[in-house]
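Visitor: I am sharing protein-v7.csv, which consists of CSV, C-alpha atoms:
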```csv
chain,number,residue,atom,x,y,z
A,1,MET,CA,-225.2,-77.7,-188.2
A,2,SER,CA,-222.9,-79.6,-185.7
A,3,ALA,CA,-220.0,-81.8,-187.0
A,4,THR,CA,-220.3,-85.5,-186.5
A,5,LEU,CA,-217.5,-88.0,-185.9
A,6,ASN,CA,-216.3,-90.0,-188.8
A,7,ALA,CA,-216.9,-93.7,-188.0
A,8,GLY,CA,-214.0,-94.9,-190.2
A,9,LYS,CA,-211.5,-92.5,-188.7
A,10,THR,CA,-212.7,-93.4,-185.2
A,11,ARG,CA,-212.3,-97.1,-185.7
A,12,ALA,CA,-208.8,-96.5,-187.2
A,13,ALA,CA,-207.8,-94.4,-184.2
A,14,LEU,CA,-209.0,-97.1,-181.8
A,15,ARG,CA,-207.2,-99.8,-183.7
A,16,THR,CA,-204.0,-97.8,-183.7
A,17,SER,CA,-204.3,-97.0,-180.0
A,18,ALA,CA,-205.0,-100.7,-179.2
A,19,ARG,CA,-202.0,-101.8,-181.3
A,20,VAL,CA,-199.6,-99.3,-179.7
A,21,SER,CA,-200.9,-100.2,-176.2
A,22,GLY,CA,-200.3,-103.9,-176.9
A,23,GLU,CA,-196.8,-103.3,-178.2
A,24,LEU,CA,-195.9,-101.1,-175.3
A,25,LEU,CA,-197.3,-103.7,-172.9
A,26,LEU,CA,-195.1,-106.4,-174.5
A,27,VAL,CA,-192.0,-104.1,-174.2
A,28,LEU,CA,-192.8,-103.5,-170.5
A,29,VAL,CA,-193.3,-107.2,-169.9
A,30,ALA,CA,-190.0,-108.0,-171.7
A,31,ALA,CA,-188.2,-105.3,-169.6
A,32,ALA,CA,-189.7,-106.8,-166.4
A,33,VAL,CA,-188.5,-110.3,-167.3
A,34,VAL,CA,-185.0,-108.9,-168.0
A,35,LEU,CA,-185.0,-107.1,-164.6
A,36,TRP,CA,-186.3,-110.3,-162.9
A,37,ALA,CA,-183.6,-112.4,-164.5
A,38,LEU,CA,-180.9,-109.9,-163.5
A,39,GLY,CA,-182.2,-110.0,-159.9
A,40,ARG,CA,-182.0,-113.8,-159.9
A,41,MET,CA,-178.5,-113.7,-161.2
A,42,TRP,CA,-177.4,-110.8,-159.0
A,43,SER,CA,-174.6,-112.8,-157.3
A,44,VAL,CA,-173.0,-113.1,-160.7
A,45,VAL,CA,-174.1,-109.7,-162.2
A,46,TRP,CA,-172.7,-107.7,-159.3
A,47,PRO,CA,-169.1,-109.0,-159.5
A,48,LEU,CA,-169.3,-108.4,-163.3
A,49,VAL,CA,-170.5,-104.8,-162.8
A,50,VAL,CA,-167.8,-104.1,-160.2
A,51,GLY,CA,-165.2,-105.7,-162.4
A,52,LEU,CA,-166.2,-103.4,-165.3
A,53,LEU,CA,-166.1,-100.3,-163.1
A,54,LEU,CA,-162.6,-101.2,-161.9
A,55,THR,CA,-161.5,-101.9,-165.4
A,56,THR,CA,-162.6,-98.4,-166.5
A,57,LEU,CA,-160.2,-97.0,-163.9
A,58,THR,CA,-157.3,-99.3,-164.6
A,59,TRP,CA,-157.5,-99.6,-168.4
A,60,PRO,CA,-155.5,-96.4,-169.2
A,61,PRO,CA,-152.3,-97.6,-167.6
A,62,ALA,CA,-152.8,-101.1,-169.1
A,63,ARG,CA,-153.4,-99.6,-172.6
A,64,TYR,CA,-150.2,-97.5,-172.2
A,65,LEU,CA,-148.1,-100.5,-171.3
A,66,ARG,CA,-149.6,-102.5,-174.3
A,67,ARG,CA,-148.8,-99.7,-176.7
A,68,ARG,CA,-145.2,-99.7,-175.4
A,69,GLY,CA,-144.9,-103.3,-176.6
A,70,MET,CA,-145.6,-105.2,-173.3
A,71,PRO,CA,-147.5,-108.5,-173.8
A,72,PRO,CA,-151.2,-108.2,-172.8
A,73,ALA,CA,-150.9,-110.8,-170.0
A,74,LEU,CA,-147.9,-109.1,-168.4
A,75,ALA,CA,-149.5,-105.7,-168.7
A,76,ALA,CA,-152.7,-106.9,-167.1
A,77,THR,CA,-150.7,-108.6,-164.3
A,78,LEU,CA,-148.6,-105.6,-163.5
A,79,VAL,CA,-151.6,-103.2,-163.4
A,80,THR,CA,-153.6,-105.7,-161.3
A,81,VAL,CA,-150.7,-106.0,-158.8
A,82,LEU,CA,-150.3,-102.2,-158.6
A,83,PHE,CA,-154.0,-101.8,-158.1
A,84,LEU,CA,-153.9,-104.3,-155.2
A,85,LEU,CA,-151.0,-102.5,-153.6
A,86,VAL,CA,-152.8,-99.1,-153.9
A,87,ALA,CA,-155.9,-100.7,-152.4
A,88,ALA,CA,-154.0,-102.3,-149.6
A,89,GLY,CA,-152.2,-99.0,-148.8
A,90,THR,CA,-155.6,-97.2,-148.8
A,91,VAL,CA,-157.0,-99.7,-146.4
A,92,ALA,CA,-153.9,-99.4,-144.1
A,93,LEU,CA,-153.7,-95.6,-144.1
A,94,ILE,CA,-157.4,-94.5,-144.3
A,95,ALA,CA,-159.8,-97.4,-143.7
A,96,VAL,CA,-158.7,-98.2,-140.1
A,97,PRO,CA,-159.1,-94.6,-138.7
A,98,VAL,CA,-162.3,-94.1,-140.7
A,99,ALA,CA,-163.8,-97.3,-139.4
A,100,SER,CA,-162.9,-96.4,-135.8
A,101,GLU,CA,-164.6,-92.9,-136.2
A,102,SER,CA,-167.6,-93.9,-138.3
A,103,GLY,CA,-169.8,-94.3,-135.2
A,104,LYS,CA,-168.8,-90.8,-134.1
A,105,LEU,CA,-169.7,-89.5,-137.5
A,106,GLY,CA,-173.2,-90.9,-137.2
A,107,ASP,CA,-173.6,-89.6,-133.6
A,108,GLY,CA,-172.4,-86.1,-134.7
A,109,VAL,CA,-174.9,-85.9,-137.4
A,110,VAL,CA,-177.7,-86.9,-135.0
A,111,GLU,CA,-176.6,-84.2,-132.5
A,112,GLY,CA,-176.5,-81.6,-135.3
A,113,VAL,CA,-180.0,-82.5,-136.4
A,114,GLN,CA,-181.2,-82.2,-132.8
A,115,ARG,CA,-179.7,-78.7,-132.5
A,116,LEU,CA,-181.4,-77.7,-135.8
A,117,ARG,CA,-184.6,-79.0,-134.3
A,118,GLU,CA,-184.2,-76.9,-131.2
A,119,TRP,CA,-183.4,-73.8,-133.2
A,120,ALA,CA,-186.5,-74.3,-135.4
A,121,ALA,CA,-188.7,-74.6,-132.3
A,122,GLY,CA,-187.4,-71.2,-131.0
A,123,PRO,CA,-187.5,-67.7,-132.3
A,124,PRO,CA,-187.8,-66.4,-134.9
A,125,LEU,CA,-189.5,-69.5,-136.5
A,126,ASN,CA,-191.3,-70.7,-133.4
A,127,ILE,CA,-192.4,-73.9,-135.1
A,128,ASP,CA,-194.4,-76.2,-132.9
A,129,ASP,CA,-192.3,-79.1,-131.7
A,130,ALA,CA,-195.1,-81.5,-132.3
A,131,GLN,CA,-195.3,-80.6,-136.0
A,132,ILE,CA,-191.7,-81.4,-136.6
A,133,SER,CA,-191.1,-84.2,-134.1
A,134,ASP,CA,-192.0,-87.1,-136.4
A,135,ALA,CA,-190.2,-85.7,-139.4
A,136,PHE,CA,-187.0,-85.0,-137.5
A,137,ASP,CA,-187.0,-88.4,-135.7
A,138,ALA,CA,-187.3,-90.2,-139.1
A,139,ALA,CA,-184.6,-88.0,-140.6
A,140,THR,CA,-182.3,-88.6,-137.6
A,141,ALA,CA,-182.6,-92.4,-137.9
A,142,ARG,CA,-182.1,-92.2,-141.7
A,143,LEU,CA,-179.1,-90.0,-141.5
A,144,GLN,CA,-177.5,-92.1,-138.7
A,145,ASP,CA,-177.9,-95.3,-140.7
A,146,SER,CA,-176.8,-93.7,-144.0
A,147,ALA,CA,-173.8,-92.0,-142.5
A,148,GLY,CA,-172.6,-95.2,-140.9
A,149,SER,CA,-173.3,-97.3,-144.0
A,150,ILE,CA,-171.7,-94.9,-146.5
A,151,ALA,CA,-168.6,-94.6,-144.3
A,152,THR,CA,-168.4,-98.4,-144.1
A,153,THR,CA,-168.7,-98.5,-147.9
A,154,ALA,CA,-165.9,-96.1,-148.2
A,155,VAL,CA,-163.7,-98.2,-145.9
A,156,THR,CA,-164.4,-101.7,-147.3
A,157,GLY,CA,-165.0,-100.8,-150.9
A,158,VAL,CA,-168.1,-100.9,-153.0
A,159,SER,CA,-167.3,-104.5,-154.0
A,160,THR,CA,-168.0,-105.8,-150.5
A,161,VAL,CA,-171.5,-104.5,-150.2
A,162,VAL,CA,-173.3,-107.6,-151.5
A,163,SER,CA,-171.2,-110.7,-150.9
A,164,GLY,CA,-168.0,-109.5,-149.3
A,165,VAL,CA,-164.7,-111.1,-150.0
A,166,VAL,CA,-166.1,-113.5,-152.6
A,167,THR,CA,-167.4,-110.6,-154.7
A,168,ALA,CA,-164.1,-108.7,-154.4
A,169,VAL,CA,-162.1,-111.7,-155.5
A,170,LEU,CA,-164.4,-112.4,-158.5
A,171,ALA,CA,-164.3,-108.7,-159.5
A,172,LEU,CA,-160.5,-108.6,-159.4
A,173,PHE,CA,-160.2,-111.8,-161.5
A,174,LEU,CA,-162.7,-110.3,-164.0
A,175,MET,CA,-160.8,-107.1,-164.1
A,176,PHE,CA,-157.6,-109.0,-164.9
A,177,PHE,CA,-159.3,-110.9,-167.8
A,178,PHE,CA,-160.9,-107.7,-169.0
A,179,LEU,CA,-157.5,-105.9,-169.1
A,180,LYS,CA,-155.9,-108.9,-170.8
A,181,ASP,CA,-158.5,-109.9,-173.4
A,182,GLY,CA,-160.8,-106.8,-173.6
A,183,PRO,CA,-159.7,-105.6,-177.0
A,184,ARG,CA,-160.5,-109.0,-178.5
A,185,PHE,CA,-164.1,-109.0,-177.2
A,186,LEU,CA,-165.7,-107.0,-179.9
A,187,PRO,CA,-164.2,-108.9,-182.8
A,188,TRP,CA,-165.2,-112.1,-181.2
A,189,LEU,CA,-168.7,-110.7,-180.7
A,190,ARG,CA,-169.0,-109.8,-184.3
A,191,ARG,CA,-168.2,-113.3,-185.4
A,192,GLN,CA,-170.9,-114.8,-183.1
A,193,LEU,CA,-173.8,-112.6,-184.2
A,194,PRO,CA,-175.8,-113.0,-187.4
A,195,GLY,CA,-176.7,-110.3,-190.0
A,196,ARG,CA,-177.1,-106.8,-188.9
A,197,LEU,CA,-176.6,-107.7,-185.2
A,198,ALA,CA,-173.0,-108.2,-186.0
A,199,THR,CA,-172.7,-104.5,-186.7
A,200,ASP,CA,-175.2,-102.9,-184.3
A,201,ILE,CA,-174.4,-104.7,-181.0
A,202,PRO,CA,-170.6,-104.2,-181.2
A,203,VAL,CA,-171.1,-100.5,-182.0
A,204,VAL,CA,-173.5,-100.0,-179.1
A,205,ALA,CA,-171.2,-102.0,-176.8
A,206,GLU,CA,-168.2,-99.8,-177.7
A,207,ARG,CA,-170.2,-96.6,-177.1
A,208,CYS,CA,-171.4,-97.9,-173.8
A,209,TRP,CA,-167.9,-98.7,-172.8
A,210,LEU,CA,-166.6,-95.2,-173.7
A,211,THR,CA,-169.5,-93.6,-171.8
A,212,LEU,CA,-169.0,-95.7,-168.7
A,213,GLY,CA,-165.2,-95.1,-168.7
A,214,SER,CA,-165.7,-91.3,-169.1
A,215,PHE,CA,-168.2,-91.2,-166.2
A,216,VAL,CA,-166.2,-93.3,-163.7
A,217,ARG,CA,-162.9,-91.6,-164.4
A,218,SER,CA,-164.3,-88.1,-164.4
A,219,GLN,CA,-166.3,-88.7,-161.2
A,220,ALA,CA,-163.2,-90.2,-159.5
A,221,LEU,CA,-161.2,-87.1,-160.3
A,222,VAL,CA,-164.1,-84.8,-159.2
A,223,GLY,CA,-164.4,-86.7,-156.0
A,224,LEU,CA,-160.7,-86.4,-155.3
A,225,PHE,CA,-160.8,-82.7,-156.1
A,226,ASP,CA,-163.7,-82.1,-153.7
A,227,ALA,CA,-162.3,-84.4,-151.0
A,228,VAL,CA,-158.9,-82.7,-151.0
A,229,LEU,CA,-160.1,-79.1,-150.9
A,230,ILE,CA,-163.0,-79.6,-148.5
A,231,GLY,CA,-160.8,-81.8,-146.3
A,232,LEU,CA,-158.2,-79.0,-146.3
A,233,GLY,CA,-160.8,-76.4,-145.3
A,234,LEU,CA,-162.1,-78.6,-142.5
A,235,TRP,CA,-158.5,-79.2,-141.2
A,236,ILE,CA,-157.8,-75.5,-141.2
A,237,LEU,CA,-161.0,-74.8,-139.2
A,238,ASP,CA,-160.0,-77.7,-136.8
A,239,VAL,CA,-163.2,-79.6,-137.4
A,240,PRO,CA,-163.1,-83.1,-136.1
A,241,LEU,CA,-163.5,-86.3,-138.2
A,242,VAL,CA,-161.7,-84.6,-141.1
A,243,LEU,CA,-160.6,-87.9,-142.7
A,244,PRO,CA,-164.0,-89.6,-142.5
A,245,LEU,CA,-165.6,-86.5,-144.0
A,246,ALA,CA,-163.1,-86.3,-146.8
A,247,VAL,CA,-163.7,-90.0,-147.6
A,248,LEU,CA,-167.4,-89.5,-147.5
A,249,THR,CA,-167.0,-86.5,-149.9
A,250,PHE,CA,-165.0,-88.7,-152.3
A,251,VAL,CA,-167.5,-91.5,-152.3
A,252,SER,CA,-170.5,-89.2,-152.6
A,253,ALA,CA,-169.1,-87.7,-155.8
A,254,PHE,CA,-170.2,-90.9,-157.6
A,255,VAL,CA,-173.9,-89.9,-156.8
A,256,PRO,CA,-174.3,-86.7,-158.7
A,257,ILE,CA,-176.3,-83.8,-157.1
A,258,ILE,CA,-177.6,-85.9,-154.2
A,259,GLY,CA,-174.2,-87.0,-153.0
A,260,ALA,CA,-172.8,-83.5,-152.9
A,261,LEU,CA,-175.8,-82.3,-150.9
A,262,PHE,CA,-175.6,-85.1,-148.5
A,263,ALA,CA,-171.8,-84.9,-147.9
A,264,GLY,CA,-172.1,-81.1,-147.4
A,265,LEU,CA,-174.9,-81.4,-145.0
A,266,VAL,CA,-173.0,-83.9,-142.9
A,267,ALA,CA,-169.9,-81.7,-142.8
A,268,VAL,CA,-171.9,-78.6,-141.8
A,269,LEU,CA,-173.7,-80.6,-139.0
A,270,ILE,CA,-170.4,-81.9,-137.6
A,271,ALA,CA,-168.9,-78.4,-137.6
A,272,LEU,CA,-172.1,-77.0,-135.9
A,273,VAL,CA,-171.9,-79.6,-133.1
A,274,SER,CA,-168.2,-79.3,-132.5
A,275,ASN,CA,-167.2,-75.8,-133.3
A,276,GLY,CA,-170.3,-73.7,-133.2
A,277,LEU,CA,-172.4,-71.7,-135.7
A,278,MET,CA,-169.7,-69.5,-137.1
A,279,ASP,CA,-167.5,-72.4,-138.2
A,280,ALA,CA,-170.5,-74.2,-139.5
A,281,LEU,CA,-171.2,-71.2,-141.8
A,282,LEU,CA,-167.6,-71.1,-142.8
A,283,VAL,CA,-167.7,-74.8,-143.7
A,284,LEU,CA,-170.9,-74.2,-145.7
A,285,ALA,CA,-169.1,-71.3,-147.6
A,286,ILE,CA,-166.1,-73.6,-148.3
A,287,ILE,CA,-168.4,-76.3,-149.7
A,288,VAL,CA,-170.2,-73.8,-151.9
A,289,VAL,CA,-167.0,-72.3,-153.3
A,290,VAL,CA,-165.5,-75.8,-154.0
A,291,GLN,CA,-168.7,-76.9,-155.7
A,292,GLN,CA,-168.7,-73.8,-157.9
A,293,LEU,CA,-165.1,-74.4,-158.8
A,294,GLU,CA,-165.8,-78.0,-159.6
A,295,GLY,CA,-168.9,-77.4,-161.6
A,296,ASN,CA,-167.7,-74.3,-163.6
A,297,VAL,CA,-163.9,-74.9,-163.9
A,298,PHE,CA,-162.6,-78.3,-163.0
A,299,GLN,CA,-165.3,-80.7,-164.2
A,300,PRO,CA,-165.6,-79.2,-167.8
A,301,VAL,CA,-161.8,-79.5,-168.1
A,302,ILE,CA,-161.6,-83.2,-167.1
A,303,GLN,CA,-164.9,-84.4,-168.6
A,304,SER,CA,-164.2,-84.2,-172.3
A,305,ARG,CA,-167.5,-85.8,-173.2
A,306,GLY,CA,-170.7,-85.3,-171.2
A,307,LEU,CA,-173.2,-88.0,-170.4
A,308,GLY,CA,-175.9,-86.2,-172.4
A,309,LEU,CA,-178.3,-86.3,-169.4
A,310,HIS,CA,-180.3,-83.4,-168.2
A,311,ALA,CA,-179.9,-82.5,-164.5
A,312,ALA,CA,-183.6,-83.4,-163.8
A,313,VAL,CA,-183.0,-86.8,-165.4
A,314,VAL,CA,-179.9,-87.3,-163.2
A,315,LEU,CA,-181.9,-86.3,-160.1
A,316,LEU,CA,-184.8,-88.6,-160.9
A,317,ALA,CA,-182.4,-91.5,-161.7
A,318,VAL,CA,-180.6,-91.2,-158.4
A,319,THR,CA,-183.9,-91.0,-156.5
A,320,LEU,CA,-185.3,-94.0,-158.2
A,321,GLY,CA,-182.1,-96.0,-157.8
A,322,GLY,CA,-181.9,-95.2,-154.1
A,323,SER,CA,-185.5,-96.2,-153.5
A,324,LEU,CA,-185.0,-99.5,-155.3
A,325,ALA,CA,-181.6,-100.6,-154.2
A,326,GLY,CA,-180.4,-98.2,-151.5
A,327,ILE,CA,-176.8,-97.0,-151.7
A,328,VAL,CA,-175.9,-99.4,-154.4
A,329,GLY,CA,-178.8,-98.2,-156.5
A,330,SER,CA,-177.8,-94.6,-156.0
A,331,LEU,CA,-174.2,-95.4,-157.1
A,332,LEU,CA,-175.3,-97.2,-160.3
A,333,ALA,CA,-178.3,-95.1,-161.2
A,334,VAL,CA,-176.5,-92.4,-163.3
A,335,PRO,CA,-174.2,-94.8,-165.3
A,336,VAL,CA,-177.2,-97.0,-166.0
A,337,ALA,CA,-179.3,-94.0,-167.2
A,338,ALA,CA,-176.3,-92.9,-169.3
A,339,LEU,CA,-176.1,-96.4,-170.9
A,340,ILE,CA,-179.8,-96.4,-171.6
A,341,ALA,CA,-179.4,-93.0,-173.3
A,342,VAL,CA,-176.6,-94.4,-175.4
A,343,VAL,CA,-178.8,-97.2,-176.6
A,344,TRP,CA,-181.8,-94.9,-177.2
A,345,ASN,CA,-179.6,-92.5,-179.2
A,346,TYR,CA,-178.3,-95.3,-181.4
A,347,LEU,CA,-181.8,-96.5,-182.1
A,348,ARG,CA,-182.9,-93.0,-183.1
A,349,GLU,CA,-179.9,-92.8,-185.4
A,350,GLN,CA,-180.9,-96.0,-187.1
A,351,LEU,CA,-184.6,-95.2,-187.3
A,352,THR,CA,-184.2,-91.6,-188.6
A,353,ASP,CA,-184.4,-90.9,-192.3
A,354,PRO,CA,-181.3,-89.2,-193.7
A,355,PRO,CA,-181.9,-85.5,-194.6
A,356,ARG,CA,-183.1,-85.0,-198.1
A,357,GLU,CA,-181.0,-83.1,-200.6
A,358,PRO,CA,-182.7,-80.0,-201.8
A,359,ALA,CA,-183.9,-80.3,-205.4
A,360,PRO,CA,-181.8,-78.2,-207.8
A,361,ASP,CA,-183.4,-75.1,-209.1
A,362,ALA,CA,-184.9,-75.4,-212.5
A,363,PRO,CA,-183.0,-73.5,-215.3
A,364,PRO,CA,-184.7,-70.3,-216.3
A,365,SER,CA,-186.9,-70.7,-219.3
A,366,SER,CA,-185.9,-68.7,-222.4
```
Could the structure of this file be written out as C-alpha cells, please?
Guide:
Amino acid sequence: MSATLNAGKTRAALRTSARVSGELLLVLVAAAVVLWALGRMWSVVWPLVVGLLLTTLTWPPARYLRRRGMPPALAATLVTVLFLLVAAGTVALIAVPVASESGKLGDGVVEGVQRLREWAAGPPLNIDDAQISDAFDAATARLQDSAGSIATTAVTGVSTVVSGVVTAVLALFLMFFFLKDGPRFLPWLRRQLPGRLATDIPVVAERCWLTLGSFVRSQALVGLFDAVLIGLGLWILDVPLVLPLAVLTFVSAFVPIIGALFAGLVAVLIALVSNGLMDALLVLAIIVVVQQLEGNVFQPVIQSRGLGLHAAVVLLAVTLGGSLAGIVGSLLAVPVAALIAVVWNYLREQLTDPPREPAPDAPPSS
C-alpha cells in the first residue's frame, strides 16, 4: 500500500515556504532601497569612505600623541599636516615619472599580449589564429585601459577617482575631524539610540572599525613589501618601467588575489617585450617567491587578526565589485565583504542560544 501525503503537513509546509519567501523578498527590497540611496548620495558617501580609509592609516600616530598628553585638536592637526607632507612628497618623487611612463606601460602590455598570441599560434600549440583573435583583441583593449587607469589611480590617489580635488579636500577635512573627535562618536551614538540599539549598534560599529583598520594597514604593509622586493628584482634585471610597476604592485595589493595576479602578469609581459623570454621567466620566479614569502611569512606576522573570509568569498567579492563599479568596486569589495561578515557574526551571536549546562548526575541509590 503506497503512502499518501498528509494534507495538514503539506499546507503547513506551503504556508511556511510562502512566509519565508515573503520575508526574504522584503529583505531584498530593503537592501535594494539602501543601495539605491547610497548610489544617489555617492558624492557624499565616497568622500566619507575615503576619509575613513585614510583615518585607519593615520589613527595610530594620532592615538600615540593623544596618549602622550597632546590635546586632540593639536594631535589631529599635526598628523594631518604630516600626512599632507608625505602625500606631496610622494607626488613629487613618484607621481610625475609614473604619469609620464603610464602610456608606455599600457603599450608594453599590449605588445606582450601580441607576442603571446603569436607564440600560441605557432608550434607546439598550433592554435588557429581565428579562434583566439577575438579573445586576445578584447583582452588587449581591457589590459591597456586597466593598466593606464590603475597607474593613474596610483599617481593621483584613490580619492580623485570620482570627483577629483573636491573629493580629496572633503576626505582630508573628514579625516581631521575623525582624528579629533572619533573617540567621542560611540558614546554620543549610545545617547542617541533607544533601548537595545544603544548597545548593539555601537558594538557593531566598533568591531567594523577594528576590522577595517586591520585590513587597510595590513594591506598597505603587504603592498609595500611586495613593491620593494619585486621592484628590486626588476631593477637588478634591468627591466624598464620599474617605478610604475612597483607602484602598480603596491596599489594592486589592496585587491586580494586578483590584484597580485594582474600586477604579476603586467610585470612579466613588460619583461618579455623588453628583455626576452629568459628575463620574463626570472621575473615570474621572483614574483612567485615574493608572493610565497608574503603569504606564508610576512602577512601572518603583520596581520594579527584575519578578516574571517574564505579565499573563494574574497575572489567572488572582488569579481562582483569589479563588475559593478570597476576599479573602485574592486578596491572596496573585500573590506565591504568583511564588514558584512562582522554584522552577520554579531547577529548570529545574538540569535544563538547559550550552551546548556549538563545536568548533574543523580546520586546513586542506596
Visitor: Go ahead and compute the interatomic distance for CA of Trp59 in chain A and CA of Ser218 in chain A, in Å to one decimal.
Guide: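 Going from CA of Trp59 in chain A over to CA of Ser218 in chain A covers 13.9 Å.
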Visitor: Between CA of Leu57 in chain A and CA of Ala227 in chain A, measure the distance and give it in Å to one decimal.
Guide: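 That distance, rounded to one decimal, is 18.2 Å.
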Visitor: Could you tell me how far CA of Ile236 in chain A lies from CA of Ile286 in chain A, in Å and to one decimal?
Guide: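 Here the two named atoms are 11.1 Å from each other.
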Visitor: List every residue of range 41-101 of chain A that has an atom at most 12 Å from any atom of range 325-338 of chain A, giving for each one its closest atom pair and the distance in Å to one decimal, counting all atoms listed in the file, sorted by chain and then by ascending residue number, as a tab-separated table.
Guide:
```
residue	atom	partner	partner_atom	distance
A:Trp46	CA	A:Val328	CA	10.2
A:Val49	CA	A:Leu332	CA	9.3
A:Val50	CA	A:Leu332	CA	10.2
A:Leu52	CA	A:Pro335	CA	11.7
A:Leu53	CA	A:Pro335	CA	10.0
```
Visitor: Write out as an NGL selection string which residues come within 12 Å of Pro187 in chain A when counting all atoms listed in the file, dropping same-chain ones fewer than 6 positions away.
Guide: :A and (181 or 193 or 198-199 or 201-203 or 205-206)
Visitor: Ser274 in chain A: which residues within 8 Å, counting all atoms listed in the file, same-chain residues fewer than 2 positions away excluded, as a list of chain:residue names?
Guide: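 Those residues are A:Val239, A:Pro240, A:Ile270, A:Ala271, A:Leu272, A:Gly276.
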Visitor: Give me, as a tab-separated table, each residue of range 191-228 of chain A that comes within 6 Å of range 248-260 of chain A, together with its shortest interatomic pair and the distance in Å at one decimal, counting all atoms listed in the file, with rows ordered by chain and rising residue number.
Guide:
```
residue	atom	partner	partner_atom	distance
A:Gln219	CA	A:Phe254	CA	5.7
A:Gly223	CA	A:Phe250	CA	4.2
A:Leu224	CA	A:Phe250	CA	5.7
A:Ala227	CA	A:Phe250	CA	5.2
```
Visitor: Could you turn the residues from that selection into a file that holds C-alpha atoms, as a compact mmCIF listing (two decimals), keeping the file's coordinate frame?
Guide:
```txt
# COMPACT_ATOMS: atom_id res chain seq x y z
CA GLN A 219 -166.30 -88.70 -161.20
CA GLY A 223 -164.40 -86.70 -156.00
CA LEU A 224 -160.70 -86.40 -155.30
CA ALA A 227 -162.30 -84.40 -151.00
```
Visitor: Would you mind listing what lies within 6 Å of Leu179 in chain A as a PyMOL selection string, with only C-alpha atoms counted and same-chain residues fewer than 3 positions away left out?
Guide: chain A and resi 76+176+182
Visitor: May I ask which of the residues A:Leu186, A:Ala312, A:Cys208, A:Leu269 is the closest one to Thr56 in chain A, counting all atoms listed in the file?
Guide: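 Once distances to Thr56 in chain A are computed over all atoms listed in the file, the minimum belongs to A:Cys208.
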Visitor: From the set A:Val79, A:Ile340, A:Lys9, A:Ala3, which residue has the shortest atom-to-atom contact distance to Leu54 in chain A, counting all atoms listed in the file?
Guide: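 Under the stated criterion, the closest residue is A:Val79.
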